[in-house]
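Student: What follows is a structure written as structure tokens; I'll ask about it next.
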There are 2 protein chains.
Amino acid sequence: MTERLLVVGGDAAGMSAASQARRRRRRDDLEIVAYERSNWVSYSACGEPYHIAGDIEPIERLVARTPEQFGEMDIEVHTGHEVVELDLDRRRAEVLDRHTGRTFATGFDQVVVATGAKAARGNIAGSHLHGVWELRTLDQASALRDVAAARSGNAVIVGGGYIGLESAEAFWRRGWNVTVLTSGDSVLERTVDADLGDWVVESMAREGIRVDTGVRVRCINGTEHVVSVGCDHETIPADVVVLGLGSVPEVELAEEAGIPLGQTGAIAVDDRQRTTIEGVWSAGDCAEVRHRVSGRKVNIHLGTVANKTGRVAGINIGGGDARFPGALGTSITKVCDTEIAATGLKREAAEAAGFDAVEGSASGTTAAGYWPSTADMRIRVVAERGSTRILGAQVVGGPGAGKRIDTFATALWAEMSASELAWADLAYAPPFSGVWDLVHIAARRAAEAARA
Amino acid sequence: MTERLLVVGGDAAGMSAASQARRRRRRDDLEIVAYERSNWVSYSACGEPYHIAGDIEPIERLVARTPEQFGEMDIEVHTGHEVVELDLDRRRAEVLDRHTGRTFATGFDQVVVATGAKAARGNIAGSHLHGVWELRTLDQASALRDVAAARSGNAVIVGGGYIGLESAEAFWRRGWNVTVLTSGDSVLERTVDADLGDWVVESMAREGIRVDTGVRVRCINGTEHVVSVGCDHETIPADVVVLGLGSVPEVELAEEAGIPLGQTGAIAVDDRQRTTIEGVWSAGDCAEVRHRVSGRKVNIHLGTVANKTGRVAGINIGGGDARFPGALGTSITKVCDTEIAATGLKREAAEAAGFDAVEGSASGTTAAGYWPSTADMRIRVVAERGSTRILGAQVVGGPGAGKRIDTFATALWAEMSASELAWADLAYAPPFSGVWDLVHIAARRAAEAARA
């Protein structure tokens, strides 16, 4: 008998699961139908700021596969369709067709809940006004691109995380006057320590992007359309406001269906992406994962994790045996030619996870010191006292700095010590690094601190 | 009583050893004197082609530390002085002052033999002619820079290794008409497989640099100055010839002193850089190292290894306890915007070392496929059948490709399997990679091949 797999949410996790399941089971064995409430599936949310900036046109280039292409793989995809209720006992879903406003019921045997995350809204008065945006979906990106391209004026970005800074750069590159407001001590605080975040602030300031840290936004002013943003001591004129206040897992549907959530507030799954309910899987931003360093359950909203967990779910649904090996939270971005990347735990997070943590830092250059286009770089390594085991790393610097984080991510993956990494046979030539890469030097300093 | 350390050879290995020994032992405990036969110490040989090309001026920028700076560290350095004989029983050295042509004797308690490597000369008739060059020392680089800058004409490069290709690009950038001749099937054959080497050949050809593979150079013609290079079927006009025929360890002094050599022909040392003779150390290009993958002794001529082995020797002489953890032969270069890097063993080398080896390859892009400046990239992973243990990797591609080798080098360092690396939490953002980095995809394919 043909089984029916329902996929709720058609972005990275859901469509990875669908694709992997299909690779292993043919249509007469497994029917696969995916419902996505937005108008797009399988798209790169990480590419959205670059569409706004004008780097990537048309927006369809951000789409990895269209519903038609999934159709050719015998995966039925419906955009503009939202699963509004899951009855897991009767294995029936209620689906809202957003084009017609009508709902209908559909049956399934197994389901992948891949509802993702939604923007955290905060409690700012006036955030309902026209001209106040979030940036998560491709529809929002498309609209923001039109806003950014149509004219220029004052853009105020609330939030100093990835989306905030990338949006700020996009508007700046479109010729807008840009102000970033964040309550934090610096920017990218979930990624790097404040002194490294300040490198980013300075590189933005050099380009004329104002970044105000330690600022609380009290209200957004306007009657119909936004006019200004009110902070503690100042009112800043604004023609556009982008709220980058972080994201929270989208778990309402799952919760109402009785799928247990974990302590993080995201859907609890095992390393095969199974919830506690037979035939009910979850993957992506809405699901928990195990952090490989702390060993704790965490909820990480990154495309890498979504793709991997979706793949694991799909392999298992397809009859294979895959386990998600855990996450390090490795992430990277680029703001005004400054590259910022991190993996594992910052020192405070390591201490909160019970480690006796030390750190070692090194400042230097991306290439040989005498290389014409060499750029400044700074690396910090967090290590466990005694063992020198690497617990995390942060990299900030010019072109070529960021992807060095993969060396640390690989070292973390293998639970290497800083003492070992300090001698690793990394590649050297003058256009690429010093003969001792800054990776070595930071690792050595962390090892020295850990043995002190 | 003050001990006396003699350092023979004042480049990376020798001066690293001297510096580390000095950090641990004060002048009244250890006197350190280094003799270097050329006019330079502690310089970046890897930077020489870029001086010839005009990227790095003046040549002094390639010097990490001058004799005067070493003097301030209480390390006595004499350039233009060659140790021509070592009497290890009597602990006396005979030193030739090349400025005066006179020799003198000097005593020592311990000695670091860091004589490096010399260019392999080959057997080409006419290689004594004016206008035929090698490129190893800073003096040669300085002279070649003047040749390249003074005029332009026909440059013929014999050899398709690092030095050959980097010299070729340097002369090409100075406006010369450049031909590279190599007997190999492709270029960089010690580093990458021929199909990957061909990427480099093609990128050079696109810029107008002719690369002829499978060509045997029979003679260099001219009366006093070179006029042409004779190959099997052709005579190529040449105003300058650069011979890049590889390098061999400089071990005559050591051999005559009775220091045992290993099977590679280089000086045999243990992992503390001790020869079999008490108080006699060796490091750098003239010494053997253990290959971490094959477990065999090898002789690798790379600045990274020279710096590390010199450091190990110096720490141990200084009373510390350091062991050289082995080498992977990780290397990287850039030719005409194509980056080439490798670590560990190629498949044939792995098989020669007794492994049942398979490989997985992946072609893709350095950044997200839709990223404006994304470039082609190809990665090959060699793995052990069954265990999927990674044995080696090769990377070729546009800007951003090369340093990915460090991810593999770290994985090799930790003896990771391709199956593990295929799921590692590497960094993703559109300017830096696809959501699955090509590293993942190549590792996954190698793992699949290894399990097949």
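Each chain in the structure tokens gets a letter, A, B and so on, in the order shown; residues start at 1 in every chain, and ligands are counted from 1 in the order they appear.
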Excluding Val251 in chain A and residues on its chain fewer than 4 positions from it, collect all residues at most 8 Å away from it, counting only C-alpha atoms, and give them as an MDAnalysis selection string.
Tutor: chainID A and resid 115 255 266:267 286
Student: Please produce, as a Markdown table, a per-residue contact table for chain A versus chain B (criterion: any atom at most 8 Å away, only C-alpha atoms considered), showing the nearest atom pair and its distance in Å to one decimal, sorted by chain then residue number.
Tutor:
```
| residue | atom | partner | partner_atom | distance |
| --- | --- | --- | --- | --- |
| A:Cys46 | CA | B:Ala429 | CA | 6.5 |
| A:Gly47 | CA | B:Pro430 | CA | 6.0 |
| A:Asp55 | CA | B:Pro372 | CA | 6.8 |
| A:Ile56 | CA | B:Tyr370 | CA | 7.0 |
| A:Arg61 | CA | B:Tyr370 | CA | 6.3 |
| A:Leu62 | CA | B:Tyr370 | CA | 7.1 |
| A:Gly303 | CA | B:Val435 | CA | 6.7 |
| A:Thr304 | CA | B:Val435 | CA | 5.7 |
| A:Val305 | CA | B:Asp425 | CA | 7.9 |
| A:Asn307 | CA | B:Val435 | CA | 7.6 |
| A:Lys308 | CA | B:Trp423 | CA | 7.5 |
| A:Pro325 | CA | B:Trp423 | CA | 7.2 |
| A:Ala327 | CA | B:Asp425 | CA | 6.0 |
| A:Leu328 | CA | B:Asp425 | CA | 6.1 |
| A:Gly329 | CA | B:Asp425 | CA | 7.3 |
| A:Thr330 | CA | B:Ala427 | CA | 5.3 |
| A:Ser331 | CA | B:Ala427 | CA | 5.0 |
| A:Ile332 | CA | B:Ala427 | CA | 5.8 |
| A:Thr333 | CA | B:Ala429 | CA | 6.1 |
| A:Lys334 | CA | B:Pro431 | CA | 7.7 |
| A:Ala341 | CA | B:Ala427 | CA | 7.7 |
| A:Tyr370 | CA | B:Arg61 | CA | 6.2 |
| A:Trp371 | CA | B:Ile56 | CA | 7.0 |
| A:Pro372 | CA | B:Asp55 | CA | 6.8 |
| A:Gly400 | CA | B:Gly400 | CA | 7.0 |
| A:Lys403 | CA | B:Ala427 | CA | 7.0 |
| A:Arg404 | CA | B:Lys403 | CA | 7.7 |
| A:Ile405 | CA | B:Ala427 | CA | 7.0 |
| A:Asp406 | CA | B:Leu426 | CA | 5.3 |
| A:Thr407 | CA | B:Thr407 | CA | 4.8 |
| A:Ala409 | CA | B:Leu426 | CA | 6.1 |
| A:Thr410 | CA | B:Ala411 | CA | 6.3 |
| A:Ala411 | CA | B:Thr410 | CA | 6.3 |
| A:Trp413 | CA | B:Ala424 | CA | 6.5 |
| A:Ala414 | CA | B:Ala414 | CA | 6.2 |
| A:Met416 | CA | B:Ala414 | CA | 7.0 |
| A:Leu421 | CA | B:Thr410 | CA | 7.6 |
| A:Trp423 | CA | B:Pro325 | CA | 7.2 |
| A:Ala424 | CA | B:Trp413 | CA | 6.5 |
| A:Asp425 | CA | B:Ala327 | CA | 6.0 |
| A:Leu426 | CA | B:Asp406 | CA | 5.3 |
| A:Ala427 | CA | B:Ser331 | CA | 5.0 |
| A:Tyr428 | CA | B:Ile332 | CA | 6.2 |
| A:Ala429 | CA | B:Ile332 | CA | 6.1 |
| A:Pro430 | CA | B:Gly47 | CA | 6.0 |
| A:Pro431 | CA | B:Lys334 | CA | 7.7 |
| A:Phe432 | CA | B:Lys403 | CA | 7.2 |
| A:Val435 | CA | B:Thr304 | CA | 5.7 |
| A:Trp436 | CA | B:Thr304 | CA | 7.1 |
```
Student: Running DSSP on the backbone, which parts of range 52-106 of chain B land in strand (DSSP E), as a PyMOL selection string?
Tutor: chain B and resi 75-79+81-87+92-97+102-106
Student: For Arg173 in chain A, work out the shell of residues within 9 Å, counting only C-alpha atoms and skipping chain neighbours fewer than 4 positions away, then give it as a PyMOL selection string.
Tutor: chain A and resi 53-54+168-169
Student: Which residue, B:Asp193, B:Glu288, B:Ala350, B:Val280, has the smallest gap to Arg380 in chain B when you use only C-alpha atoms?
Tutor: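 Closest to Arg380 in chain B, using only C-alpha atoms: B:Asp193.
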Student: Could you tell me how far CA of Leu181 in chain A lies from CA of Gly159 in chain A, in Å and to one decimal?
Tutor: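 One can read the CA of Leu181 in chain A to CA of Gly159 in chain A distance as 5.9 Å.
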Student: Given only C-alpha atoms as the basis, pick out the residue of B:Leu188, B:Val7, B:Thr100, B:Ala447 nearest to Val396 in chain B.
Tutor: B:Leu188
Student: Enter the distance from CA of Gln273 in chain A to CA of Gly310 in chain A, in Å, rounded to one decimal.
Tutor: 8.1 Å
Student: Skipping near chain neighbours, those fewer than 4 positions away, what residues fall within 9 Å of Val200 in chain B using only C-alpha atoms, listed as a PyMOL selection string?
Tutor: chain B and resi 186-188+196+204-205+335-336+338-340+396-397
Student: Could those selected residues go to a file with C-alpha atoms, as a short mmCIF file (atom, residue, chain, number, x, y, z; two decimals), in the first residue's frame?
Tutor:
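Dumped everything to selection13.cif:
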```cif
data_model
loop_
_atom_site.label_atom_id
_atom_site.label_comp_id
_atom_site.auth_asym_id
_atom_site.auth_seq_id
_atom_site.Cartn_x
_atom_site.Cartn_y
_atom_site.Cartn_z
CA SER B 186 50.61 18.15 -16.09
CA VAL B 187 51.90 20.72 -13.61
CA LEU B 188 52.22 20.59 -9.81
CA LEU B 196 43.48 19.21 -11.44
CA MET B 204 47.68 30.07 -17.48
CA ALA B 205 46.87 29.50 -21.14
CA VAL B 335 48.82 30.89 -10.19
CA CYS B 336 46.90 33.44 -12.25
CA THR B 338 43.74 29.78 -9.65
CA GLU B 339 44.42 28.54 -6.14
CA ILE B 340 45.88 25.05 -5.70
CA VAL B 396 41.74 23.71 -7.06
CA GLY B 397 39.65 26.76 -7.82
#
```
Student: What gap, in Å, lies between CA of Gly265 in chain B and CA of Pro249 in chain B?
Tutor: 7.4 Å
Student: Excluding Val215 in chain A and any residue of its chain fewer than 2 positions from it, enumerate the residues within 10 Å of it, using only C-alpha atoms, and give them as a ChimeraX atom specification.
Tutor: /A:158-159,180-185,211-213,217-218,231-234
Student: What does the file look like for those residues with all heavy atoms, as a CSV table (one decimal), in the first residue's frame?
Tutor:
```csv
chain,number,residue,atom,x,y,z
A,158,VAL,N,16.7,48.2,13.6
A,158,VAL,CA,16.7,47.9,15.0
A,158,VAL,C,17.2,46.5,15.2
A,158,VAL,O,16.5,45.5,14.8
A,158,VAL,CB,15.3,48.1,15.6
A,158,VAL,CG1,15.3,47.8,17.1
A,158,VAL,CG2,14.7,49.5,15.3
A,159,GLY,N,18.4,46.4,15.9
A,159,GLY,CA,18.9,45.1,16.1
A,159,GLY,C,20.3,45.0,15.5
A,159,GLY,O,20.5,45.4,14.3
A,180,VAL,N,21.9,52.0,12.7
A,180,VAL,CA,21.6,50.8,13.4
A,180,VAL,C,21.5,51.0,14.9
A,180,VAL,O,22.4,51.7,15.5
A,180,VAL,CB,22.7,49.7,13.1
A,180,VAL,CG1,22.4,48.4,13.9
A,180,VAL,CG2,22.9,49.5,11.6
A,181,LEU,N,20.5,50.6,15.5
A,181,LEU,CA,20.2,50.8,16.9
A,181,LEU,C,20.2,49.4,17.6
A,181,LEU,O,19.5,48.5,17.1
A,181,LEU,CB,18.9,51.5,17.2
A,181,LEU,CG,18.7,52.8,16.5
A,181,LEU,CD1,17.3,53.3,16.7
A,181,LEU,CD2,19.7,53.8,17.0
A,182,THR,N,21.0,49.2,18.6
A,182,THR,CA,21.0,47.9,19.3
A,182,THR,C,21.1,48.2,20.8
A,182,THR,O,21.8,49.1,21.2
A,182,THR,CB,22.1,47.0,18.8
A,182,THR,OG1,22.1,45.8,19.6
A,182,THR,CG2,23.5,47.6,18.9
A,183,SER,N,20.4,47.4,21.6
A,183,SER,CA,20.5,47.5,23.0
A,183,SER,C,21.8,46.8,23.6
A,183,SER,O,22.1,47.0,24.7
A,183,SER,CB,19.3,46.8,23.6
A,183,SER,OG,19.2,45.5,23.2
A,184,GLY,N,22.4,46.1,22.7
A,184,GLY,CA,23.6,45.4,23.2
A,184,GLY,C,24.8,46.3,23.4
A,184,GLY,O,24.8,47.5,23.0
A,185,ASP,N,25.9,45.7,24.0
A,185,ASP,CA,27.1,46.5,24.2
A,185,ASP,C,27.9,46.6,22.8
A,185,ASP,O,28.7,47.5,22.7
A,185,ASP,CB,28.1,45.7,25.1
A,185,ASP,CG,27.5,45.8,26.5
A,185,ASP,OD1,26.8,46.7,26.9
A,185,ASP,OD2,27.8,44.8,27.3
A,211,VAL,N,26.2,53.2,13.9
A,211,VAL,CA,25.8,52.1,14.8
A,211,VAL,C,25.8,52.6,16.2
A,211,VAL,O,26.8,53.0,16.8
A,211,VAL,CB,26.7,50.9,14.7
A,211,VAL,CG1,26.2,49.8,15.6
A,211,VAL,CG2,26.8,50.4,13.2
A,212,ASP,N,24.6,52.7,16.8
A,212,ASP,CA,24.5,53.1,18.2
A,212,ASP,C,24.2,51.9,19.1
A,212,ASP,O,23.2,51.2,18.9
A,212,ASP,CB,23.3,54.1,18.4
A,212,ASP,CG,23.7,55.5,17.9
A,212,ASP,OD1,24.8,55.6,17.3
A,212,ASP,OD2,22.8,56.4,18.0
A,213,THR,N,25.2,51.6,20.0
A,213,THR,CA,25.0,50.4,20.9
A,213,THR,C,24.4,50.9,22.2
A,213,THR,O,24.5,52.1,22.5
A,213,THR,CB,26.3,49.7,21.1
A,213,THR,OG1,27.3,50.7,21.6
A,213,THR,CG2,26.9,49.2,19.8
A,217,VAL,N,15.2,51.2,22.0
A,217,VAL,CA,14.1,51.8,21.2
A,217,VAL,C,12.8,51.8,22.0
A,217,VAL,O,12.4,50.8,22.4
A,217,VAL,CB,14.0,51.0,19.8
A,217,VAL,CG1,12.8,51.6,19.0
A,217,VAL,CG2,15.3,51.1,19.0
A,218,ARG,N,12.3,53.0,22.1
A,218,ARG,CA,11.1,53.1,23.0
A,218,ARG,C,9.8,53.1,22.1
A,218,ARG,O,8.8,52.6,22.6
A,218,ARG,CB,11.1,54.4,23.8
A,218,ARG,CG,12.4,54.6,24.6
A,218,ARG,CD,12.3,55.7,25.6
A,218,ARG,NE,11.4,55.3,26.7
A,218,ARG,CZ,11.8,54.7,27.8
A,218,ARG,NH1,13.1,54.4,28.0
A,218,ARG,NH2,11.0,54.4,28.7
A,231,CYS,N,14.3,56.9,20.7
A,231,CYS,CA,15.1,56.1,21.6
A,231,CYS,C,15.1,56.9,22.9
A,231,CYS,O,14.4,57.9,23.1
A,231,CYS,CB,16.6,56.1,21.1
A,231,CYS,SG,16.7,55.6,19.4
A,232,ASP,N,16.0,56.5,23.9
A,232,ASP,CA,16.0,57.1,25.2
A,232,ASP,C,16.2,58.6,25.1
A,232,ASP,O,15.5,59.4,25.7
A,232,ASP,CB,17.1,56.5,26.0
A,232,ASP,CG,16.8,55.0,26.4
A,232,ASP,OD1,15.6,54.7,26.4
A,232,ASP,OD2,17.8,54.2,26.5
A,233,HIS,N,17.2,59.1,24.4
A,233,HIS,CA,17.5,60.5,24.4
A,233,HIS,C,17.4,61.2,23.1
A,233,HIS,O,17.9,62.3,22.9
A,233,HIS,CB,19.0,60.6,24.9
A,233,HIS,CG,19.2,60.0,26.2
A,233,HIS,ND1,18.7,60.4,27.4
A,233,HIS,CD2,19.9,58.9,26.5
A,233,HIS,CE1,19.0,59.6,28.4
A,233,HIS,NE2,19.8,58.7,27.9
A,234,GLU,N,16.8,60.5,22.1
A,234,GLU,CA,16.9,61.0,20.7
A,234,GLU,C,15.7,60.5,19.9
A,234,GLU,O,15.2,59.4,20.2
A,234,GLU,CB,18.2,60.5,20.1
A,234,GLU,CG,18.6,61.3,18.9
A,234,GLU,CD,19.9,60.8,18.3
A,234,GLU,OE1,20.5,59.8,19.0
A,234,GLU,OE2,20.3,61.2,17.3
```
Student: To test your reading of the structure, identify every residue in range 87-311 of chain B that backbone DSSP assigns to alpha helix (DSSP H), and report it as a PyMOL selection string.
Tutor: chain B and resi 138-150+162-173+194-206+252-256+303-311
